[in-house]
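Engineer: Take a look at the following structure, please.
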Amino acid sequence: MVTANHIRAVGPWRELQGQAHRRRVVDLREVILMPGLVNAHCHLDYTDMGGQLPAPKTFLDWIPLITAAKASWSYSDYAASWLNGAHMLLKSGTTTVADIEAMPDLLPEVWDATPLRVYSFLEMTGIKARRDPSEILHETVDKVESLAHHRNHLGLSPHAPYSTRPELLQFASRLAKKRRWRVSTHVAESEQEYEMFKDGRGAMYEWLRRNDRDNSDCGRGSPVEHLERNGLLGENLLAIHVNLLARGDAQLLGRRRVHVVHCPRSHDYFRHPPFERQRLARAGANVCLGTDSLATVRKSGKQKITLDMFEEMRALAAKDPGVSPEEILRMATVNGARALGQAGRIGELSPKTFADLIAIPYNGKKAGIHDAVLKHSGPIFAGMIDGRWIVPPLP
């Protein structure tokens, strides 16, 4: 039962029909009614690059491909791409997305063009531009403070350890904790990054050294340890990817109550080593799911690829047979809500949570519901955000 933009009650119809007097009743027929999906990491503005970048041999080989693709785009290209991605997510059941904004000037115009609940993390780099870290942070904070929205939130995204200076990580960490902002950063994504920080050598180390990066912060431990040294690990951090772990990294992430976001199809695109979900979960890290961008989703033939959390859930199940359908669904809902500081408000169907929900067709037995969720493909049957139908049920 929904009142305004919140869930008032949850239960069988026979228990609730007495409270439905003079209220609009919608019969969805045979469906699974479930929380809207929480996509904990995305790059909406790269959506229209889907299928354009062939899977590279290494992560480092991919960087010039995406850089060249971005350089050829106009502001309107990015705006159209962002909105196309938002539409794909809505059709496939995502109601909340944590998006990395490489083009923050798109906001708030694109926010107003979609009913999605958006957590926008403003991206910060600085190595190539050789800008002062404090200048980068102040500019980003000014942008955050200039934006306000009744439904959406903002946070900081120092891009990655290799693409930012330690000072920027430190400044961002201190400010975000003071203001209670969320922070999202890519970390331990590739073997090249891991080798750069752990051993102080390798292809990424040499490439960045040639581009005048001060690599004196390398050779002192893993990328995760680098974040710890610079104060970034904490319960407000979304650590994206975390594909390579040194001894003690998982325990460190768990101890600091970090949220780790795994993007299964992106992981497959780069052929990264197996994702250590069990190790992270046992250590106490909150593991959730994201789509990343379509620029890092493998395409075969004329296959149409879309931003779709159901596809991510199936990709995880295929690579990790030890994870149950129930746990996968938690990673795509309540775990993502926790990562965004919204536990008890989104990602679940409970009294007083926001009325963000979706329905998918199902007429089987109750025992098969979780398996049916993983098998669902295509558009959802119905969807609601903030108490309003964004995918109206068929009459």
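Within each chain, counting starts at residue 1; across the structure tokens, chains are named A, B, ... in the order shown, with ligands numbered 1 upward in that order.
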Write out as a PyMOL selection string each polymer residue whose atoms come within 8 Å of Ala239 (chain A), counting only C-alpha atoms; drop sequence neighbours fewer than 3 positions from it.
Structural biologist: chain A and resi 184-187+242+258-261
Engineer: Selection from above, N, CA and C atoms, as a compact mmCIF listing (two decimals), in the first residue's frame, can you write it?
Structural biologist:
```txt
# COMPACT_ATOMS: atom_id res chain seq x y z
N SER A 184 33.11 8.19 -4.45
CA SER A 184 33.22 7.01 -5.32
C SER A 184 34.54 7.09 -6.07
N THR A 185 35.30 6.00 -6.06
CA THR A 185 36.57 5.99 -6.80
C THR A 185 36.84 4.61 -7.37
N HIS A 186 37.42 4.57 -8.57
CA HIS A 186 37.85 3.31 -9.17
C HIS A 186 39.17 2.92 -8.50
N VAL A 187 39.30 1.67 -8.08
CA VAL A 187 40.54 1.26 -7.41
C VAL A 187 40.82 -0.22 -7.67
N VAL A 242 37.73 -3.12 -7.54
CA VAL A 242 38.53 -3.90 -6.58
C VAL A 242 38.76 -5.31 -7.12
N VAL A 258 33.97 -0.32 4.06
CA VAL A 258 33.91 0.19 2.70
C VAL A 258 32.87 -0.60 1.90
N HIS A 259 32.25 0.07 0.93
CA HIS A 259 31.30 -0.56 0.02
C HIS A 259 32.02 -0.85 -1.30
N VAL A 260 32.06 -2.11 -1.71
CA VAL A 260 32.75 -2.52 -2.93
C VAL A 260 31.70 -2.75 -4.02
N VAL A 261 31.90 -2.11 -5.18
CA VAL A 261 30.94 -2.25 -6.28
C VAL A 261 31.55 -3.08 -7.40
```
Engineer: Out of region 276-374 of chain A, which residues get alpha helix (DSSP H) from DSSP, as JSON, numbers by chain?
Structural biologist: {"A": [277, 278, 279, 280, 281, 282, 283, 309, 310, 311, 312, 313, 314, 315, 316, 317, 318, 319, 325, 326, 327, 328, 329, 330, 331, 334, 335, 336, 337, 338, 339, 369, 370, 371, 372, 373, 374]}
Engineer: How about saving the chosen residues, C-alpha atoms kept, as an mmCIF file, in the first residue's frame?
Structural biologist:
```cif
data_model
loop_
_atom_site.group_PDB
_atom_site.id
_atom_site.type_symbol
_atom_site.label_atom_id
_atom_site.label_comp_id
_atom_site.auth_asym_id
_atom_site.auth_seq_id
_atom_site.Cartn_x
_atom_site.Cartn_y
_atom_site.Cartn_z
ATOM 1 C CA ARG A 277 33.369 -11.766 -3.748
ATOM 2 C CA GLN A 278 33.492 -14.369 -0.988
ATOM 3 C CA ARG A 279 36.759 -13.069 0.400
ATOM 4 C CA LEU A 280 35.424 -9.522 0.525
ATOM 5 C CA ALA A 281 32.052 -10.479 1.992
ATOM 6 C CA ARG A 282 33.612 -12.668 4.695
ATOM 7 C CA ALA A 283 35.842 -9.754 5.678
ATOM 8 C CA MET A 309 20.961 -4.781 -13.915
ATOM 9 C CA PHE A 310 19.254 -8.107 -14.657
ATOM 10 C CA GLU A 311 22.019 -8.770 -17.199
ATOM 11 C CA GLU A 312 24.613 -7.941 -14.542
ATOM 12 C CA MET A 313 22.974 -10.321 -12.075
ATOM 13 C CA ARG A 314 22.989 -13.137 -14.623
ATOM 14 C CA ALA A 315 26.619 -12.419 -15.540
ATOM 15 C CA LEU A 316 27.594 -12.710 -11.878
ATOM 16 C CA ALA A 317 25.673 -15.971 -11.465
ATOM 17 C CA ALA A 318 27.421 -17.446 -14.523
ATOM 18 C CA LYS A 319 30.907 -16.613 -13.207
ATOM 19 C CA PRO A 325 20.100 -15.966 -6.271
ATOM 20 C CA GLU A 326 18.971 -14.414 -2.971
ATOM 21 C CA GLU A 327 22.427 -12.923 -2.331
ATOM 22 C CA ILE A 328 22.676 -11.621 -5.901
ATOM 23 C CA LEU A 329 19.335 -9.848 -5.482
ATOM 24 C CA ARG A 330 20.538 -8.308 -2.198
ATOM 25 C CA MET A 331 23.646 -7.038 -3.995
ATOM 26 C CA VAL A 334 19.649 -3.467 -0.195
ATOM 27 C CA ASN A 335 23.447 -3.586 -0.482
ATOM 28 C CA GLY A 336 23.406 -0.773 -3.015
ATOM 29 C CA ALA A 337 21.098 1.212 -0.759
ATOM 30 C CA ARG A 338 23.587 0.814 2.105
ATOM 31 C CA ALA A 339 26.426 1.965 -0.151
ATOM 32 C CA ILE A 369 10.823 -16.528 -7.176
ATOM 33 C CA HIS A 370 14.536 -15.758 -6.785
ATOM 34 C CA ASP A 371 15.463 -17.948 -9.746
ATOM 35 C CA ALA A 372 12.738 -16.262 -11.790
ATOM 36 C CA VAL A 373 14.152 -12.842 -10.985
ATOM 37 C CA LEU A 374 17.568 -13.853 -12.344
#
```
Engineer: From the DSSP assignment of the backbone, select every residue of region 38-278 of chain A that is strand (DSSP E), and format the answer as a PyMOL selection string.
Structural biologist: chain A and resi 38-42+94-101+117-124+153-158+183-187+237-241+259-262
Engineer: Restrict the selected residues to C-alpha atoms and save them as a short mmCIF file (atom, residue, chain, number, x, y, z; two decimals), in the first residue's frame.
Structural biologist:
```cif
data_model
loop_
_atom_site.label_atom_id
_atom_site.label_comp_id
_atom_site.auth_asym_id
_atom_site.auth_seq_id
_atom_site.Cartn_x
_atom_site.Cartn_y
_atom_site.Cartn_z
CA VAL A 38 19.95 0.04 -7.19
CA ASN A 39 22.75 0.46 -9.74
CA ALA A 40 25.75 1.42 -7.59
CA HIS A 41 28.08 2.44 -10.44
CA CYS A 42 27.41 3.78 -13.92
CA THR A 94 16.62 0.34 -12.09
CA THR A 95 15.07 3.06 -9.96
CA THR A 96 18.27 4.46 -8.38
CA VAL A 97 21.64 4.94 -10.06
CA ALA A 98 25.02 6.14 -8.78
CA ASP A 99 26.48 7.92 -11.79
CA ILE A 100 29.97 9.30 -12.42
CA GLU A 101 29.62 12.73 -13.99
CA ARG A 117 16.68 8.73 -8.50
CA VAL A 118 20.26 9.81 -9.27
CA TYR A 119 23.36 10.04 -7.07
CA SER A 120 25.77 12.10 -9.17
CA PHE A 121 29.47 11.82 -8.30
CA LEU A 122 31.47 14.64 -9.86
CA GLU A 123 34.65 13.28 -11.42
CA MET A 124 38.06 14.75 -10.56
CA HIS A 153 22.14 13.85 -4.45
CA LEU A 154 25.77 14.71 -5.20
CA GLY A 155 29.13 13.33 -4.15
CA LEU A 156 32.81 13.42 -5.06
CA SER A 157 34.65 11.08 -7.41
CA PRO A 158 38.44 11.32 -7.42
CA VAL A 183 32.80 9.37 -2.36
CA SER A 184 33.22 7.01 -5.32
CA THR A 185 36.57 5.99 -6.80
CA HIS A 186 37.85 3.31 -9.17
CA VAL A 187 40.54 1.26 -7.41
CA LEU A 237 33.40 5.25 0.23
CA LEU A 238 32.18 3.30 -2.81
CA ALA A 239 35.27 1.44 -4.00
CA ILE A 240 34.63 0.56 -7.63
CA HIS A 241 35.88 -2.73 -9.13
CA HIS A 259 31.30 -0.56 0.02
CA VAL A 260 32.75 -2.52 -2.93
CA VAL A 261 30.94 -2.25 -6.28
CA HIS A 262 31.37 -5.12 -8.73
#
```
Engineer: List the spatial neighbours of Lys177 (chain A) as JSON, numbers by chain - criterion: any atom at most 10 Å away, only C-alpha atoms, same-chain residues fewer than 4 positions off excluded.
Structural biologist: {"A": [172, 173, 181, 182, 183, 232, 234, 235, 236, 237]}
Engineer: Residues at most 9 Å from region 63-73 of chain A, counting only C-alpha atoms, excluding those fewer than 3 positions away in the same chain, as number ranges by chain?
Structural biologist: A: 46, 49, 52-54, 56, 59-60, 76-78, 295
Engineer: Kindly export the residues of the current selection with N, CA and C atoms, as a PDB file, in the first residue's frame.
Structural biologist:
```
ATOM      1  N   TYR A  46      28.413   7.713 -21.278  1.00  0.00           N
ATOM      2  CA  TYR A  46      29.129   6.878 -22.255  1.00  0.00           C
ATOM      3  C   TYR A  46      28.205   5.863 -22.935  1.00  0.00           C
ATOM      4  N   MET A  49      28.413   4.890 -26.629  1.00  0.00           N
ATOM      5  CA  MET A  49      29.665   4.289 -27.080  1.00  0.00           C
ATOM      6  C   MET A  49      29.582   2.766 -27.068  1.00  0.00           C
ATOM      7  N   GLN A  52      31.217   0.219 -29.659  1.00  0.00           N
ATOM      8  CA  GLN A  52      32.137   0.937 -30.538  1.00  0.00           C
ATOM      9  C   GLN A  52      33.611   0.647 -30.234  1.00  0.00           C
ATOM     10  N   LEU A  53      33.893   0.177 -29.019  1.00  0.00           N
ATOM     11  CA  LEU A  53      35.279  -0.046 -28.618  1.00  0.00           C
ATOM     12  C   LEU A  53      35.535  -1.542 -28.457  1.00  0.00           C
ATOM     13  N   PRO A  54      36.267  -2.151 -29.376  1.00  0.00           N
ATOM     14  CA  PRO A  54      36.539  -3.584 -29.264  1.00  0.00           C
ATOM     15  C   PRO A  54      37.317  -3.891 -27.994  1.00  0.00           C
ATOM     16  N   PRO A  56      39.977  -4.650 -25.549  1.00  0.00           N
ATOM     17  CA  PRO A  56      41.416  -4.536 -25.735  1.00  0.00           C
ATOM     18  C   PRO A  56      42.164  -5.690 -25.081  1.00  0.00           C
ATOM     19  N   PHE A  59      43.916  -3.265 -20.003  1.00  0.00           N
ATOM     20  CA  PHE A  59      43.223  -2.049 -19.598  1.00  0.00           C
ATOM     21  C   PHE A  59      43.939  -0.815 -20.136  1.00  0.00           C
ATOM     22  N   LEU A  60      45.266  -0.841 -20.115  1.00  0.00           N
ATOM     23  CA  LEU A  60      46.042   0.299 -20.586  1.00  0.00           C
ATOM     24  C   LEU A  60      45.819   0.550 -22.075  1.00  0.00           C
ATOM     25  N   SER A  76      26.111  18.045 -26.856  1.00  0.00           N
ATOM     26  CA  SER A  76      24.814  17.423 -27.156  1.00  0.00           C
ATOM     27  C   SER A  76      24.933  15.906 -27.282  1.00  0.00           C
ATOM     28  N   ASP A  77      26.086  15.417 -27.759  1.00  0.00           N
ATOM     29  CA  ASP A  77      26.308  13.971 -27.817  1.00  0.00           C
ATOM     30  C   ASP A  77      26.270  13.368 -26.413  1.00  0.00           C
ATOM     31  N   TYR A  78      26.968  14.020 -25.492  1.00  0.00           N
ATOM     32  CA  TYR A  78      26.989  13.526 -24.114  1.00  0.00           C
ATOM     33  C   TYR A  78      25.604  13.571 -23.492  1.00  0.00           C
ATOM     34  N   ALA A 295      30.421   1.274 -22.779  1.00  0.00           N
ATOM     35  CA  ALA A 295      31.717   1.284 -23.464  1.00  0.00           C
ATOM     36  C   ALA A 295      32.589   0.117 -23.032  1.00  0.00           C
TER      37      ALA A 295
END
```
Engineer: With only C-alpha atoms counted and 6 Å as the cut-off, give the residues of region 34-149 of chain A in contact with region 351-364 of chain A, each with its shortest interatomic distance in Å and the pair that gives it, as a Markdown table.
Structural biologist:
```
| residue | atom | partner | partner_atom | distance |
| --- | --- | --- | --- | --- |
| A:Met34 | CA | A:Ile358 | CA | 5.5 |
| A:Pro35 | CA | A:Leu357 | CA | 4.4 |
| A:Gly36 | CA | A:Leu357 | CA | 4.4 |
```
Engineer: Can you pull out the residues contacting Lys143 (chain A)? Cut-off 9 Å, using only C-alpha atoms, and skip same-chain residues under 3 positions away; I want them as an MDAnalysis selection string.
Structural biologist: chainID A and resid 104:105 122 138:140 146:147
Engineer: Based on the selection just made, write N, CA and C atoms of those residues as a PDB file, in the first residue's frame.
Structural biologist:
```
ATOM      1  N   PRO A 104      29.744  17.482 -15.700  1.00  0.00           N
ATOM      2  CA  PRO A 104      28.778  17.985 -14.717  1.00  0.00           C
ATOM      3  C   PRO A 104      27.909  19.127 -15.223  1.00  0.00           C
ATOM      4  N   ASP A 105      28.321  19.785 -16.323  1.00  0.00           N
ATOM      5  CA  ASP A 105      27.480  20.856 -16.877  1.00  0.00           C
ATOM      6  C   ASP A 105      26.155  20.325 -17.411  1.00  0.00           C
ATOM      7  N   LEU A 122      30.748  13.786  -8.928  1.00  0.00           N
ATOM      8  CA  LEU A 122      31.471  14.642  -9.856  1.00  0.00           C
ATOM      9  C   LEU A 122      32.924  14.198  -9.955  1.00  0.00           C
ATOM     10  N   HIS A 138      38.144  22.758  -5.010  1.00  0.00           N
ATOM     11  CA  HIS A 138      37.317  23.953  -4.818  1.00  0.00           C
ATOM     12  C   HIS A 138      36.347  24.156  -5.979  1.00  0.00           C
ATOM     13  N   GLU A 139      36.808  23.901  -7.193  1.00  0.00           N
ATOM     14  CA  GLU A 139      35.938  24.036  -8.363  1.00  0.00           C
ATOM     15  C   GLU A 139      34.791  23.031  -8.292  1.00  0.00           C
ATOM     16  N   THR A 140      35.110  21.802  -7.865  1.00  0.00           N
ATOM     17  CA  THR A 140      34.088  20.766  -7.773  1.00  0.00           C
ATOM     18  C   THR A 140      33.091  21.082  -6.665  1.00  0.00           C
ATOM     19  N   SER A 146      26.227  24.613  -6.150  1.00  0.00           N
ATOM     20  CA  SER A 146      25.341  25.337  -7.067  1.00  0.00           C
ATOM     21  C   SER A 146      24.158  24.495  -7.513  1.00  0.00           C
ATOM     22  N   LEU A 147      24.195  23.213  -7.186  1.00  0.00           N
ATOM     23  CA  LEU A 147      23.156  22.287  -7.630  1.00  0.00           C
ATOM     24  C   LEU A 147      22.336  21.811  -6.441  1.00  0.00           C
TER      25      LEU A 147
END
```
